[in-house]
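Enquirer: My structure file model06.txt, compact mmCIF, C-alpha atoms, is below:
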# COMPACT_ATOMS: atom_id res chain seq x y z
CA MET C 157 -22.59 -0.79 -4.00
CA PRO C 158 -22.86 -3.45 -6.72
CA PRO C 159 -22.20 -7.08 -5.82
CA SER C 160 -18.64 -8.31 -6.31
CA ASP C 161 -17.72 -10.84 -8.99
CA LEU C 162 -17.32 -13.43 -6.24
CA ASP C 163 -20.84 -12.70 -4.95
CA ILE C 164 -22.18 -13.09 -8.48
CA GLN C 165 -20.36 -16.42 -8.92
CA HIS C 166 -21.75 -17.74 -5.63
CA SER C 167 -25.25 -16.56 -6.52
CA ALA C 168 -25.05 -18.12 -9.98
CA TYR C 169 -23.85 -21.44 -8.56
CA ARG C 170 -26.67 -21.51 -6.01
CA TRP C 171 -29.27 -20.44 -8.62
CA LEU C 172 -28.10 -23.25 -10.88
CA GLN C 173 -28.33 -25.77 -8.03
CA ILE C 174 -31.88 -24.72 -7.25
CA HIS C 175 -33.26 -24.35 -10.78
CA GLY C 176 -31.12 -26.75 -12.84
CA ASP C 177 -31.88 -26.65 -16.57
CA GLN C 178 -34.36 -23.83 -16.04
CA ALA C 179 -31.84 -21.52 -14.32
CA VAL C 180 -31.10 -19.30 -17.32
CA ALA C 181 -34.74 -19.07 -18.39
CA LYS C 182 -35.81 -18.06 -14.87
CA ALA C 183 -32.99 -15.53 -14.63
CA ARG C 184 -34.03 -14.05 -18.00
CA ALA C 185 -37.56 -13.70 -16.68
CA ASN C 186 -36.13 -11.77 -13.72
CA VAL C 187 -34.25 -9.47 -16.14
CA GLU C 188 -37.47 -8.72 -18.00
CA GLU C 189 -39.41 -8.12 -14.80
CA ARG C 190 -36.76 -5.69 -13.53
CA ARG C 191 -36.77 -3.88 -16.88
CA ARG C 192 -40.56 -3.56 -16.76
CA LYS C 193 -40.16 -1.99 -13.32
CA ARG C 194 -37.41 0.31 -14.69
CA ASP C 195 -34.91 -1.22 -12.26
CA SER C 196 -31.75 -1.13 -14.38
CA GLU C 197 -29.48 -2.13 -11.47
CA GLY C 198 -31.64 -5.19 -10.78
CA ALA C 199 -31.64 -6.12 -14.47
CA ASP C 200 -27.85 -5.72 -14.62
CA PHE C 201 -27.50 -8.02 -11.60
CA TRP C 202 -29.49 -10.77 -13.33
CA LEU C 203 -27.56 -10.30 -16.57
CA ARG C 204 -24.36 -10.86 -14.59
CA ILE C 205 -25.89 -14.00 -13.06
CA ILE C 206 -26.74 -15.30 -16.56
CA ALA C 207 -23.18 -14.67 -17.75
CA ALA C 208 -21.77 -16.43 -14.69
CA ILE C 209 -24.04 -19.44 -15.20
CA GLY C 210 -22.59 -19.71 -18.69
CA THR C 211 -19.06 -19.93 -17.32
CA LEU C 212 -19.98 -22.51 -14.68
CA GLY C 213 -20.81 -25.08 -17.35
CA GLU C 214 -17.49 -24.74 -19.17
CA PRO C 215 -14.83 -27.39 -18.64
CA PRO C 216 -11.47 -26.22 -17.32
CA THR C 217 -8.93 -25.34 -19.97
CA ALA C 218 -6.10 -27.78 -20.60
CA ALA C 219 -2.66 -26.87 -19.34
CA ARG C 220 -0.25 -25.83 -22.07
CA HIS C 221 3.20 -27.30 -22.18
Can you present the structure in this file as structure tokens?
Expert:
Amino acid sequence: MPPSDLDIQHSAYRWLQIHGDQAVAKARANVEERRRKRDSEGADFWLRIIAAIGTLGEPPTAARH
């Protein structure tokens, strides 16, 4: 069973806390390692983490009146 979106968000937040500016680079390295091992589910997990990290850095949208 694949991790839920909430699990991915929590993992991305924690990964970003631990690795800071290097979080995406380290996650990309994990994608490549999983691909080398032919672990497509593992690679997909890390791709979802990378996407979630991207959304964590975005400011909230302004309310529209």
Enquirer: Residues at most 10 Å from Ile164 in chain C, counting only C-alpha atoms, excluding those fewer than 4 positions away in the same chain, as an MDAnalysis selection string?
Expert: chainID C and resid 158:160 168:170 201:202 204:209
Enquirer: Limited to C-alpha atoms, could you put the picked residues into a file as a CSV table (one decimal), in the coordinates of the input?
Expert:
chain,number,residue,atom,x,y,z
C,158,PRO,CA,-22.9,-3.4,-6.7
C,159,PRO,CA,-22.2,-7.1,-5.8
C,160,SER,CA,-18.6,-8.3,-6.3
C,168,ALA,CA,-25.0,-18.1,-10.0
C,169,TYR,CA,-23.8,-21.4,-8.6
C,170,ARG,CA,-26.7,-21.5,-6.0
C,201,PHE,CA,-27.5,-8.0,-11.6
C,202,TRP,CA,-29.5,-10.8,-13.3
C,204,ARG,CA,-24.4,-10.9,-14.6
C,205,ILE,CA,-25.9,-14.0,-13.1
C,206,ILE,CA,-26.7,-15.3,-16.6
C,207,ALA,CA,-23.2,-14.7,-17.8
C,208,ALA,CA,-21.8,-16.4,-14.7
C,209,ILE,CA,-24.0,-19.4,-15.2
Enquirer: Rounded to one decimal, what separation in Å do you get between CA of Gly176 in chain C and CA of Met157 in chain C?
Expert: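 Calculated distance between CA of Gly176 in chain C and CA of Met157 in chain C is 28.7 Å.
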Enquirer: In Å, with one decimal, what is the gap from CA of Asp200 in chain C to CA of Val187 in chain C?
Expert: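 Interatomic distance, CA of Asp200 in chain C to CA of Val187 in chain C: 7.6 Å.
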Enquirer: Report the distance between CA of Arg192 in chain C and CA of Thr211 in chain C in Å, rounded to one decimal place.
Expert: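 So the two atoms, CA of Arg192 in chain C and CA of Thr211 in chain C, lie 27.0 Å apart.
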Enquirer: For range 191-197 of chain C, I'd like the enclosing box, axis-aligned and padded by 3 Å on every side, reported as lines of an AutoDock Vina configuration file with centre and edge lengths in Å to one decimal.
Expert:
center_x = -35.0
center_y = -1.8
center_z = -14.2
size_x = 17.1
size_y = 10.2
size_z = 11.4
Enquirer: Nearest to Leu212 in chain C: which of C:Gln173, C:Asn186, C:Ser196, C:Gln178 is it, counting all atoms listed in the file?
Expert: C:Gln173
Enquirer: Asp177 in chain C: which residues within 12 Å, counting all atoms listed in the file, same-chain residues fewer than 4 positions away excluded, as a count of residues only?
Expert: 9
Enquirer: Output range 165-193 of chain C as a compact mmCIF listing (two decimals), in the coordinates of the input, making sure N, CA and C atoms are there.
Expert:
# COMPACT_ATOMS: atom_id res chain seq x y z
N GLN C 165 -20.68 -15.01 -8.68
CA GLN C 165 -20.36 -16.42 -8.92
C GLN C 165 -21.08 -17.33 -7.93
N HIS C 166 -21.06 -16.95 -6.65
CA HIS C 166 -21.75 -17.74 -5.63
C HIS C 166 -23.26 -17.77 -5.89
N SER C 167 -23.81 -16.62 -6.24
CA SER C 167 -25.25 -16.56 -6.52
C SER C 167 -25.61 -17.41 -7.73
N ALA C 168 -24.79 -17.34 -8.77
CA ALA C 168 -25.05 -18.12 -9.98
C ALA C 168 -24.98 -19.62 -9.68
N TYR C 169 -23.99 -20.02 -8.91
CA TYR C 169 -23.85 -21.44 -8.56
C TYR C 169 -25.07 -21.92 -7.79
N ARG C 170 -25.50 -21.13 -6.83
CA ARG C 170 -26.67 -21.51 -6.01
C ARG C 170 -27.94 -21.53 -6.87
N TRP C 171 -28.10 -20.52 -7.74
CA TRP C 171 -29.27 -20.44 -8.62
C TRP C 171 -29.33 -21.67 -9.51
N LEU C 172 -28.17 -22.07 -10.02
CA LEU C 172 -28.10 -23.25 -10.88
C LEU C 172 -28.44 -24.52 -10.10
N GLN C 173 -28.00 -24.61 -8.87
CA GLN C 173 -28.33 -25.77 -8.03
C GLN C 173 -29.84 -25.86 -7.81
N ILE C 174 -30.45 -24.74 -7.56
CA ILE C 174 -31.88 -24.72 -7.25
C ILE C 174 -32.74 -24.97 -8.49
N HIS C 175 -32.39 -24.34 -9.62
CA HIS C 175 -33.26 -24.35 -10.78
C HIS C 175 -32.80 -25.26 -11.92
N GLY C 176 -31.61 -25.80 -11.84
CA GLY C 176 -31.12 -26.75 -12.84
C GLY C 176 -31.21 -26.21 -14.26
N ASP C 177 -31.78 -27.01 -15.15
CA ASP C 177 -31.88 -26.65 -16.57
C ASP C 177 -32.70 -25.39 -16.82
N GLN C 178 -33.51 -25.02 -15.88
CA GLN C 178 -34.36 -23.83 -16.04
C GLN C 178 -33.72 -22.55 -15.48
N ALA C 179 -32.49 -22.66 -14.99
CA ALA C 179 -31.84 -21.52 -14.32
C ALA C 179 -31.74 -20.29 -15.21
N VAL C 180 -31.27 -20.46 -16.43
CA VAL C 180 -31.10 -19.30 -17.32
C VAL C 180 -32.46 -18.73 -17.70
N ALA C 181 -33.41 -19.56 -18.01
CA ALA C 181 -34.74 -19.07 -18.39
C ALA C 181 -35.38 -18.28 -17.24
N LYS C 182 -35.25 -18.77 -16.02
CA LYS C 182 -35.81 -18.06 -14.87
C LYS C 182 -35.07 -16.75 -14.61
N ALA C 183 -33.76 -16.76 -14.81
CA ALA C 183 -32.99 -15.53 -14.63
C ALA C 183 -33.37 -14.51 -15.70
N ARG C 184 -33.59 -14.97 -16.93
CA ARG C 184 -34.03 -14.05 -18.00
C ARG C 184 -35.38 -13.43 -17.67
N ALA C 185 -36.26 -14.22 -17.09
CA ALA C 185 -37.56 -13.70 -16.68
C ALA C 185 -37.38 -12.61 -15.61
N ASN C 186 -36.41 -12.80 -14.73
CA ASN C 186 -36.13 -11.77 -13.72
C ASN C 186 -35.59 -10.51 -14.37
N VAL C 187 -34.76 -10.64 -15.41
CA VAL C 187 -34.25 -9.47 -16.14
C VAL C 187 -35.43 -8.69 -16.71
N GLU C 188 -36.32 -9.39 -17.38
CA GLU C 188 -37.47 -8.72 -18.00
C GLU C 188 -38.37 -8.05 -16.97
N GLU C 189 -38.58 -8.72 -15.85
CA GLU C 189 -39.41 -8.12 -14.80
C GLU C 189 -38.77 -6.85 -14.26
N ARG C 190 -37.47 -6.88 -14.03
CA ARG C 190 -36.76 -5.69 -13.53
C ARG C 190 -36.82 -4.56 -14.57
N ARG C 191 -36.69 -4.92 -15.83
CA ARG C 191 -36.77 -3.88 -16.88
C ARG C 191 -38.16 -3.25 -16.92
N ARG C 192 -39.19 -4.09 -16.78
CA ARG C 192 -40.56 -3.56 -16.76
C ARG C 192 -40.75 -2.58 -15.60
N LYS C 193 -40.06 -2.85 -14.50
CA LYS C 193 -40.16 -1.99 -13.32
C LYS C 193 -39.15 -0.84 -13.36
